[in-house]
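> Let me begin by handing over the structure; questions about it come next.
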Amino acid sequence: MLSHEKNKLLTEVGPGTPMGDYLRRYWHPVAGVSEFDQKSVRPIRLFGEDLVLFKDLGGKFGLVQRRCPHRNADLAFGFVEQCGLRCAYHGWEFDAKGQCTHQPYEEIVDVDARLRQKTKITAYEVRAKAGMIWAYMGPAPAPELPDWEPFNYTNGFAQVVMAEIPCNWFQCQENSIDPIHFEWTHNNWTERQQDSHSEHVPTHLSTKYEEFDYGFVYKRLRAHETEQNPMWTTGRVTLWPNAFYLGHHFEWRVPIDDENTLSLLWVFNKVPKEQEPYVQEKIPSWYGPIRDENGDWITSHVANQDFAAWVGQGAITDRTKETLGASDRGIVMLRRRFFEELEAVAEGKTPKGLITDSAANHNVFLPSACRDEMLGGMTREALSAHPLLGAYLRDFIGQYGQPDHVRDAYEAAIGQKVNRARFFSVHGARQKEEAEST
Ligand code: FES
Ligand SMILES: [Fe+2]
């Protein structure tokens with residue numbers, strides 16, 4: 001349970017708020033690179049700011065304020081030029097640094113272009129990496145954009161999967177340090193949606209949480225597992241400040257504003273060894289729906305089950321009305337660490353986990369329970385039998401709504417068809433899979 005004031009501290013992300021300013025010190029993935037195969041300009045809202053993301057004719061990405069400073073036209077209707085974005089109303093043009101570079105009629109009248117020179121709009125640094133577009137909205141200089149080791153994995157198929165979730169970012173991130181929910185949200189709920197009399201899956205017996213440079217690691221032991229299980233020896237990473245790393249995928253929770261969050265998954269599926277060498281030409285990206293055609297929540301896929309749980313907590317969950325228990329030790333640690341960080345940064349200290357040394361930013365290691373498999377690969381048979389990764393040979397379990405063209409490309413990569421099941425057995429959902437389950 002938290003006070004109302006402390007809850008505000010965790011959840012408010014607009015400009016000038018402590019958490020908003022804190023999170024702006026990090027790079028955040030905000031879109032898929034492949035979105036810009038079809039379009040050049042799109043509106044985007046981040047940290048309570050309305051912005052426009054564009055790719056100019058020179059191939060450079062830019063992120064600028066949405067309103068044109070001339071007479072407030074919407075720059076999302078703008079069109080790109082060789083080096084920047086031009087407002088569709090009177091043609092003022094801006095480069096990716098926000099500098100106005102052309103004011104067509106003004107420059108006829110004022111050949112010294114004095115108005116143009118002093119016209120500058122808000123602009124943020126953006127870069128493409130691993131099929132994602134990343135934004136840095138903090139003070140200069142920007143830290144390194146992390147080169148996490150999985151971004152350099154080979155012989156696999158990556159995809160970027162997004163959804164807009166109508167709730168605050170922090171309750172999404174608390175989920176990154178909440179091992180118990182796997183048993184209920186992803187196992188028992190999945191089972192009961194198919195069979196209302198199904199047995200409950202083996203329960204958790206113990207959890208532990210450890211802090212490291214780039215976040216926390218949580219470990220869990222379930223009733224059917226031994227202490228040699230990789231979920232107990234290695235665990236999973238609560239990646240600081242707003243992500244979750246599970247060995248074969250990342251999940252980011254990027255604030256759109258206080259009541260909306262961009263969920264962005266980066267999922268990497270190793271192709272069977274029989275398909276090697278495999279080089280992915282292009283990393284696809286797609287948005288999935290969170291409700292079905294009747295307006296009901298989609299609760300079949302892993303991420304969708306999480307979305308329903310998070311939104312169900314309320315747009316900004318009221319932490320003055322909680323009953324925390326032993327299952328929430330990680331959550332308490334996470335909150336405490338954020339409060340410490342906000343104080344430390346107010347005193348001028350460097351935020352946790354920032355990479356500022358370019359020499360250190362190569363293939364940065366993160367603990368992973370399936371790293372050997374991701375580096376070494378597996379035969380089709382071994383992959384199919386893998387308790388965590390095998391399900392991906394049967395379909396994309398991560399999130400509902402994978403477009404056909406992505407599925408086609410994935411099937412071509414793995415050299416087989418998937419079966420398009422409605423529900424999936426994951427994370428130890430069924431007793432028969434429990435022996436080696438992660
Ligand atoms: S409003 Fe944009 S150029 Fe006039
Ligand atoms: Fe989950």
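Each chain in the structure tokens gets a letter, A, B, ..., in the order shown, and its residues are numbered from 1; ligands are numbered from 1 in order too.
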Please return as a PyMOL selection string: the residues of segment 171-270 of chain A that backbone DSSP assigns to strand (DSSP E).

chain A and resi 204-212+215-222+236-239+243-245+249-257+260-270

> Write to file, as a PDB file, in the first residue's frame, the residues of the selection just made, with C-alpha atoms.


ATOM      1  CA  HIS A 204       4.987 -21.829  -6.755  1.00  0.00           C
ATOM      2  CA  LEU A 205       6.897 -22.850  -3.650  1.00  0.00           C
ATOM      3  CA  SER A 206       9.450 -20.097  -3.471  1.00  0.00           C
ATOM      4  CA  THR A 207      10.616 -16.883  -5.132  1.00  0.00           C
ATOM      5  CA  LYS A 208      13.734 -14.747  -4.786  1.00  0.00           C
ATOM      6  CA  TYR A 209      14.768 -11.387  -6.134  1.00  0.00           C
ATOM      7  CA  GLU A 210      18.261 -10.023  -6.715  1.00  0.00           C
ATOM      8  CA  GLU A 211      19.381  -6.634  -7.921  1.00  0.00           C
ATOM      9  CA  PHE A 212      22.077  -6.174 -10.566  1.00  0.00           C
ATOM     10  CA  GLY A 215      17.617  -4.163 -13.026  1.00  0.00           C
ATOM     11  CA  PHE A 216      16.500  -7.148 -10.978  1.00  0.00           C
ATOM     12  CA  VAL A 217      16.508 -10.872 -11.509  1.00  0.00           C
ATOM     13  CA  TYR A 218      13.653 -12.887 -10.155  1.00  0.00           C
ATOM     14  CA  LYS A 219      13.800 -16.620  -9.612  1.00  0.00           C
ATOM     15  CA  ARG A 220      10.988 -19.017  -8.975  1.00  0.00           C
ATOM     16  CA  LEU A 221      10.609 -22.628  -7.939  1.00  0.00           C
ATOM     17  CA  ARG A 222       7.450 -24.551  -8.600  1.00  0.00           C
ATOM     18  CA  ARG A 236      14.367 -13.650 -15.530  1.00  0.00           C
ATOM     19  CA  VAL A 237      15.277 -10.011 -15.779  1.00  0.00           C
ATOM     20  CA  THR A 238      13.187  -7.060 -14.661  1.00  0.00           C
ATOM     21  CA  LEU A 239      15.035  -4.718 -16.973  1.00  0.00           C
ATOM     22  CA  ALA A 243      11.150  -3.495 -19.502  1.00  0.00           C
ATOM     23  CA  PHE A 244      11.141  -7.235 -18.999  1.00  0.00           C
ATOM     24  CA  TYR A 245      13.652  -9.627 -20.561  1.00  0.00           C
ATOM     25  CA  HIS A 249      12.014 -11.746 -25.977  1.00  0.00           C
ATOM     26  CA  PHE A 250      11.897  -8.280 -24.451  1.00  0.00           C
ATOM     27  CA  GLU A 251       8.800  -6.380 -23.385  1.00  0.00           C
ATOM     28  CA  TRP A 252       8.849  -2.630 -22.967  1.00  0.00           C
ATOM     29  CA  ARG A 253       6.135  -0.557 -21.323  1.00  0.00           C
ATOM     30  CA  VAL A 254       6.554   2.955 -22.731  1.00  0.00           C
ATOM     31  CA  PRO A 255       4.348   5.698 -21.298  1.00  0.00           C
ATOM     32  CA  ILE A 256       2.085   7.377 -23.847  1.00  0.00           C
ATOM     33  CA  ASP A 257       0.677   9.504 -21.039  1.00  0.00           C
ATOM     34  CA  ASN A 260      -1.980   4.914 -21.661  1.00  0.00           C
ATOM     35  CA  THR A 261       1.034   2.744 -22.367  1.00  0.00           C
ATOM     36  CA  LEU A 262       2.680   1.473 -25.515  1.00  0.00           C
ATOM     37  CA  SER A 263       3.438  -2.210 -25.097  1.00  0.00           C
ATOM     38  CA  LEU A 264       6.250  -3.194 -27.410  1.00  0.00           C
ATOM     39  CA  LEU A 265       7.526  -6.764 -27.633  1.00  0.00           C
ATOM     40  CA  TRP A 266      10.677  -7.746 -29.479  1.00  0.00           C
ATOM     41  CA  VAL A 267      10.492 -11.482 -30.008  1.00  0.00           C
ATOM     42  CA  PHE A 268      13.340 -13.557 -31.412  1.00  0.00           C
ATOM     43  CA  ASN A 269      12.668 -17.108 -32.544  1.00  0.00           C
ATOM     44  CA  LYS A 270      15.619 -19.239 -33.446  1.00  0.00           C
TER      45      LYS A 270
END

> Can I get the residues of chain A within 10 Å of ligand 1, each with the closest pair of atoms and their distance in Å to one decimal, using only C-alpha atoms and all ligand atoms, sorted chain first then ascending number, as a Markdown table?


| residue | atom | partner | partner_atom_place_in_ligand_line | distance |
| --- | --- | --- | --- | --- |
| A:Arg67 | CA | ligand 1 | 2 (Fe) | 7.8 |
| A:Cys68 | CA | ligand 1 | 2 (Fe) | 4.6 |
| A:Pro69 | CA | ligand 1 | 2 (Fe) | 6.6 |
| A:His70 | CA | ligand 1 | 1 (S) | 4.5 |
| A:Arg71 | CA | ligand 1 | 1 (S) | 4.0 |
| A:Asn72 | CA | ligand 1 | 1 (S) | 5.1 |
| A:Ala73 | CA | ligand 1 | 1 (S) | 4.3 |
| A:Asp74 | CA | ligand 1 | 2 (Fe) | 7.5 |
| A:Leu75 | CA | ligand 1 | 2 (Fe) | 7.2 |
| A:Phe77 | CA | ligand 1 | 2 (Fe) | 9.8 |
| A:Gly78 | CA | ligand 1 | 2 (Fe) | 8.5 |
| A:Arg86 | CA | ligand 1 | 3 (S) | 7.8 |
| A:Cys87 | CA | ligand 1 | 2 (Fe) | 4.7 |
| A:Ala88 | CA | ligand 1 | 2 (Fe) | 6.6 |
| A:Tyr89 | CA | ligand 1 | 4 (Fe) | 4.8 |
| A:His90 | CA | ligand 1 | 3 (S) | 3.7 |
| A:Gly91 | CA | ligand 1 | 3 (S) | 4.8 |
| A:Trp92 | CA | ligand 1 | 3 (S) | 4.4 |
| A:Glu93 | CA | ligand 1 | 3 (S) | 7.7 |
| A:His102 | CA | ligand 1 | 3 (S) | 9.8 |
| A:Gln103 | CA | ligand 1 | 3 (S) | 7.6 |
| A:Pro104 | CA | ligand 1 | 3 (S) | 9.0 |
| A:Tyr105 | CA | ligand 1 | 3 (S) | 9.9 |

> If you keep C-alpha atoms, can you produce a file of those selected residues as a tab-separated table (two decimals), in the first residue's frame?


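After the write, selection-v9.tsv holds the following:
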chain	number	residue	atom	x	y	z
A	67	ARG	CA	1.82	21.47	-33.87
A	68	CYS	CA	3.37	23.67	-36.49
A	69	PRO	CA	4.66	26.84	-34.81
A	70	HIS	CA	3.23	28.99	-37.61
A	71	ARG	CA	-0.50	28.68	-36.95
A	72	ASN	CA	-0.70	25.35	-35.17
A	73	ALA	CA	-1.50	23.09	-38.11
A	74	ASP	CA	-1.07	19.38	-37.51
A	75	LEU	CA	2.34	18.29	-38.76
A	77	PHE	CA	-0.50	15.99	-42.29
A	78	GLY	CA	2.94	17.16	-43.34
A	86	ARG	CA	7.17	20.19	-44.40
A	87	CYS	CA	3.88	21.50	-43.03
A	88	ALA	CA	1.05	20.94	-45.49
A	89	TYR	CA	-0.62	24.26	-44.61
A	90	HIS	CA	1.88	26.93	-45.74
A	91	GLY	CA	4.95	24.87	-46.43
A	92	TRP	CA	7.25	25.64	-43.54
A	93	GLU	CA	9.92	22.95	-43.40
A	102	HIS	CA	12.39	26.85	-45.26
A	103	GLN	CA	9.55	29.39	-45.00
A	104	PRO	CA	8.58	29.70	-48.66
A	105	TYR	CA	6.61	32.94	-48.79

> Using only C-alpha atoms, find the one residue out of A:Ile283, A:Val161, A:Met231, A:Ala113 that sits nearest to Gly131 of chain A.

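Of the candidates, the smallest distance to Gly131 of chain A is held by A:Ile283.
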
> Could the residues that lie within 12 Å of ligand 2, counting only C-alpha atoms and all ligand atoms, be listed as number ranges by chain?

A: 171-187, 189-190, 244-246, 251, 299, 301-310, 398-399, 426-427

> Using only C-alpha atoms, find each residue of segment 45-144 of chain A with at least one atom at most 6 Å away from an atom of segment 5-28 of chain A; report its shortest atom-to-atom pair and that distance in Å (one decimal), sort the rows by chain and rising residue number, and return the result as a tab-separated table.


residue	atom	partner	partner_atom	distance
A:Phe47	CA	A:Gly14	CA	5.3
A:Gly48	CA	A:Gly14	CA	5.0
A:Trp134	CA	A:His28	CA	5.2
A:Ala135	CA	A:His28	CA	5.4
A:Tyr136	CA	A:Trp27	CA	4.7
A:Met137	CA	A:Arg24	CA	5.1
A:Gly138	CA	A:Arg24	CA	4.5

> Using only C-alpha atoms, can you tell me which of A:Pro387, A:Pro351, A:Pro230, A:Ser300 comes closest to Phe424 of chain A?

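Once distances to Phe424 of chain A are computed over only C-alpha atoms, the minimum belongs to A:Ser300.
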
> As an exercise, work out the distance from atom CA of Pro150 of chain A to atom CA of Val364 of chain A in Å and give it to one decimal place.

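Separation between atom CA of Pro150 of chain A and atom CA of Val364 of chain A: 8.7 Å.
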
> Tell me which protein, DNA and RNA residues are within 10 Å of Ala130 of chain A, counting only C-alpha atoms, leaving out same-chain ones fewer than 6 positions away, and put them as a PyMOL selection string.

chain A and resi 29+32-33+147-148+150-152+158-160+266+282-283

> Could you please take those selected residues and save N, CA and C atoms as a PDB file, in the first residue's frame?


ATOM      1  N   PRO A  29      12.084   2.325 -27.005  1.00  0.00           N
ATOM      2  CA  PRO A  29      11.570   1.963 -28.331  1.00  0.00           C
ATOM      3  C   PRO A  29      10.152   2.511 -28.471  1.00  0.00           C
ATOM      4  N   GLY A  32       7.953   0.630 -34.878  1.00  0.00           N
ATOM      5  CA  GLY A  32       8.676  -0.343 -35.688  1.00  0.00           C
ATOM      6  C   GLY A  32       9.261   0.344 -36.911  1.00  0.00           C
ATOM      7  N   VAL A  33      10.482  -0.004 -37.247  1.00  0.00           N
ATOM      8  CA  VAL A  33      11.103   0.560 -38.452  1.00  0.00           C
ATOM      9  C   VAL A  33      10.264   0.239 -39.684  1.00  0.00           C
ATOM     10  N   ASP A 147      23.148  -1.934 -26.598  1.00  0.00           N
ATOM     11  CA  ASP A 147      23.354  -3.000 -27.578  1.00  0.00           C
ATOM     12  C   ASP A 147      23.230  -4.336 -26.846  1.00  0.00           C
ATOM     13  N   TRP A 148      21.977  -4.665 -26.440  1.00  0.00           N
ATOM     14  CA  TRP A 148      21.771  -5.910 -25.704  1.00  0.00           C
ATOM     15  C   TRP A 148      22.171  -7.095 -26.573  1.00  0.00           C
ATOM     16  N   PRO A 150      20.987 -10.057 -27.205  1.00  0.00           N
ATOM     17  CA  PRO A 150      20.037 -10.709 -28.128  1.00  0.00           C
ATOM     18  C   PRO A 150      19.854  -9.973 -29.453  1.00  0.00           C
ATOM     19  N   PHE A 151      20.123  -8.671 -29.495  1.00  0.00           N
ATOM     20  CA  PHE A 151      19.973  -7.951 -30.763  1.00  0.00           C
ATOM     21  C   PHE A 151      20.982  -8.463 -31.795  1.00  0.00           C
ATOM     22  N   ASN A 152      21.998  -9.168 -31.322  1.00  0.00           N
ATOM     23  CA  ASN A 152      23.026  -9.675 -32.230  1.00  0.00           C
ATOM     24  C   ASN A 152      22.937 -11.188 -32.426  1.00  0.00           C
ATOM     25  N   ALA A 158      13.144 -12.275 -35.964  1.00  0.00           N
ATOM     26  CA  ALA A 158      12.700 -11.295 -34.967  1.00  0.00           C
ATOM     27  C   ALA A 158      11.445 -10.599 -35.469  1.00  0.00           C
ATOM     28  N   GLN A 159      10.611 -10.176 -34.544  1.00  0.00           N
ATOM     29  CA  GLN A 159       9.460  -9.349 -34.912  1.00  0.00           C
ATOM     30  C   GLN A 159       9.170  -8.377 -33.775  1.00  0.00           C
ATOM     31  N   VAL A 160       8.587  -7.253 -34.141  1.00  0.00           N
ATOM     32  CA  VAL A 160       8.251  -6.201 -33.185  1.00  0.00           C
ATOM     33  C   VAL A 160       6.729  -6.150 -33.109  1.00  0.00           C
ATOM     34  N   TRP A 266       9.685  -7.373 -28.448  1.00  0.00           N
ATOM     35  CA  TRP A 266      10.677  -7.746 -29.479  1.00  0.00           C
ATOM     36  C   TRP A 266      10.931  -9.229 -29.257  1.00  0.00           C
ATOM     37  N   LYS A 282      14.468  -8.539 -43.168  1.00  0.00           N
ATOM     38  CA  LYS A 282      13.752  -7.380 -42.620  1.00  0.00           C
ATOM     39  C   LYS A 282      12.991  -7.819 -41.376  1.00  0.00           C
ATOM     40  N   ILE A 283      13.060  -7.011 -40.334  1.00  0.00           N
ATOM     41  CA  ILE A 283      12.316  -7.319 -39.105  1.00  0.00           C
ATOM     42  C   ILE A 283      10.926  -6.694 -39.221  1.00  0.00           C
TER      43      ILE A 283
END

> List the neighbours of segment 80-83 of chain A out to 10 Å using only C-alpha atoms; skip same-chain residues closer than 4 positions along the sequence, and give me the result as a list of chain:residue names.

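My list of contacting residues is A:Ser40, A:Val41, A:Phe54, A:Lys55, A:Asp56, A:Leu57, A:Gly58, A:Gly59, A:Lys60, A:Phe61, A:Gly62, A:Cys87, A:Ala88, A:Glu93, A:Phe94, A:Asp95, A:Ala96, A:Thr101.
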